[in-house]
Amino acid sequence: APAVLATITLPEGTAASEVATGTLRMTVDGALVGIEAVRAAAGDRLLVTFDGGELAGRLNGYTGELAVTVTGHLPSGETFTGTDAVRLR
């Protein structure tokens, strides 16, 4: 499966360059989906790819809306979290 591309908009006042990119995680249905790469970091946004095959395996059999959460850490130890809904058919 192709990689899943996600744009992450960080909390106000947080620069993309501040994110400890090795800590980025996507959680779907309680399971972690691995990050493949950070494609770009500019201003308050990160463009990240996640493992599409792993995500497809987690979503197999689901229909309707499902919450997807991305978390990460700053070097200060502060954590950020963002959740969005995906619609599956």
# chains A, B, ... in the order shown; residues from 1 in each chain; ligands from 1
>>> select_by_dssp(residues="chain A", states="helix (DSSP H, G or I)", output="list in words")
Ala16, Ser17, Glu18, Gly52, Gly53, Glu54, Leu55, Ala56, Gly57, Arg58 and Leu59 of chain A
>>> write_last_selection(atoms="N, CA and C atoms", output="short mmCIF file (atom, residue, chain, number, x, y, z; two decimals), in the first residue's frame")
data_model
loop_
_atom_site.label_atom_id
_atom_site.label_comp_id
_atom_site.auth_asym_id
_atom_site.auth_seq_id
_atom_site.Cartn_x
_atom_site.Cartn_y
_atom_site.Cartn_z
N ALA A 16 8.09 23.95 13.48
CA ALA A 16 8.32 22.57 13.03
C ALA A 16 9.73 22.11 13.35
N SER A 17 10.67 23.03 13.30
CA SER A 17 12.07 22.67 13.58
C SER A 17 12.30 22.27 15.03
N GLU A 18 11.34 22.56 15.90
CA GLU A 18 11.46 22.22 17.33
C GLU A 18 11.04 20.79 17.64
N GLY A 52 1.64 3.03 4.92
CA GLY A 52 0.30 2.79 4.38
C GLY A 52 -0.17 1.36 4.55
N GLY A 53 0.73 0.40 4.41
CA GLY A 53 0.36 -1.00 4.59
C GLY A 53 -0.06 -1.30 6.01
N GLU A 54 0.69 -0.75 6.95
CA GLU A 54 0.36 -0.93 8.37
C GLU A 54 -0.98 -0.29 8.69
N LEU A 55 -1.22 0.91 8.16
CA LEU A 55 -2.48 1.59 8.39
C LEU A 55 -3.64 0.82 7.77
N ALA A 56 -3.46 0.34 6.55
CA ALA A 56 -4.52 -0.44 5.89
C ALA A 56 -4.86 -1.68 6.70
N GLY A 57 -3.86 -2.32 7.28
CA GLY A 57 -4.11 -3.49 8.12
C GLY A 57 -4.92 -3.15 9.35
N ARG A 58 -4.67 -1.98 9.93
CA ARG A 58 -5.42 -1.54 11.12
C ARG A 58 -6.86 -1.18 10.79
N LEU A 59 -7.10 -0.71 9.57
CA LEU A 59 -8.43 -0.25 9.18
C LEU A 59 -9.27 -1.33 8.52
#
>>> select_by_dssp(residues="chain A", states="strand (DSSP E)", output="ChimeraX atom specification")
/A:4-9,20-28,31-33,35-42,45-50,64-73,79-88
>>> residues_around(residues="region 21-38 of chain A", least_positions_apart="5", cutoff="9 Å", atoms="only C-alpha atoms", output="list in words")
Ala3, Leu46, Leu47, Val48, Thr49, Phe50, Asp51, Gly52, Glu54, Leu55, Arg58, Leu59, Leu66, Ala67, Val68, Thr69, Val70, Thr71, Gly72, His73 and Leu74 of chain A
>>> closest_residue(among="A:Ala41, A:Leu10, A:Ala20, A:Val4", to="Gly77 (chain A)", atoms="only C-alpha atoms")
A:Ala20
>>> closest_residue(among="A:Asp84, A:Asp44, A:Glu78, A:Glu65", to="Thr9 (chain A)", atoms="only C-alpha atoms")
A:Asp44
>>> atom_distance(atom1="CA of Arg89 (chain A)", atom2="CA of Pro2 (chain A)")
18.0 Å
>>> residues_around(residues="Pro11 (chain A)", least_positions_apart="3", cutoff="10 Å", atoms="only C-alpha atoms", output="VMD selection string")
chain A and resid 8 14 to 16 44 to 45 80 to 82
>>> atom_distance(atom1="CA of Val19 (chain A)", atom2="CA of Ala85 (chain A)")
23.1 Å
>>> decode(residues="region 50-62 of chain A", atoms="N, CA, C and O atoms", output="short mmCIF file (atom, residue, chain, number, x, y, z; two decimals), in the first residue's frame")
data_model
loop_
_atom_site.label_atom_id
_atom_site.label_comp_id
_atom_site.auth_asym_id
_atom_site.auth_seq_id
_atom_site.Cartn_x
_atom_site.Cartn_y
_atom_site.Cartn_z
N PHE A 50 3.35 8.12 6.70
CA PHE A 50 3.21 6.98 7.59
C PHE A 50 3.09 5.71 6.75
O PHE A 50 2.74 5.77 5.57
N ASP A 51 3.35 4.57 7.34
CA ASP A 51 3.32 3.28 6.66
C ASP A 51 1.90 2.94 6.22
O ASP A 51 1.05 2.60 7.04
N GLY A 52 1.64 3.03 4.92
CA GLY A 52 0.30 2.79 4.38
C GLY A 52 -0.17 1.36 4.55
O GLY A 52 -1.35 1.11 4.82
N GLY A 53 0.73 0.40 4.41
CA GLY A 53 0.36 -1.00 4.59
C GLY A 53 -0.06 -1.30 6.01
O GLY A 53 -1.04 -2.00 6.26
N GLU A 54 0.69 -0.75 6.95
CA GLU A 54 0.36 -0.93 8.37
C GLU A 54 -0.98 -0.29 8.69
O GLU A 54 -1.82 -0.87 9.39
N LEU A 55 -1.22 0.91 8.16
CA LEU A 55 -2.48 1.59 8.39
C LEU A 55 -3.64 0.82 7.77
O LEU A 55 -4.68 0.63 8.40
N ALA A 56 -3.46 0.34 6.55
CA ALA A 56 -4.52 -0.44 5.89
C ALA A 56 -4.86 -1.68 6.70
O ALA A 56 -6.04 -2.04 6.84
N GLY A 57 -3.86 -2.32 7.28
CA GLY A 57 -4.11 -3.49 8.12
C GLY A 57 -4.92 -3.15 9.35
O GLY A 57 -5.79 -3.91 9.78
N ARG A 58 -4.67 -1.98 9.93
CA ARG A 58 -5.42 -1.54 11.12
C ARG A 58 -6.86 -1.18 10.79
O ARG A 58 -7.74 -1.31 11.63
N LEU A 59 -7.10 -0.71 9.57
CA LEU A 59 -8.43 -0.25 9.18
C LEU A 59 -9.27 -1.33 8.52
O LEU A 59 -10.45 -1.11 8.24
N ASN A 60 -8.68 -2.48 8.27
CA ASN A 60 -9.38 -3.56 7.59
C ASN A 60 -10.67 -3.93 8.33
O ASN A 60 -10.65 -4.19 9.52
N GLY A 61 -11.79 -3.88 7.63
CA GLY A 61 -13.07 -4.25 8.21
C GLY A 61 -13.85 -3.09 8.80
O GLY A 61 -15.01 -3.25 9.16
N TYR A 62 -13.23 -1.93 8.92
CA TYR A 62 -13.93 -0.77 9.47
C TYR A 62 -14.72 -0.05 8.38
O TYR A 62 -14.29 0.01 7.22
#
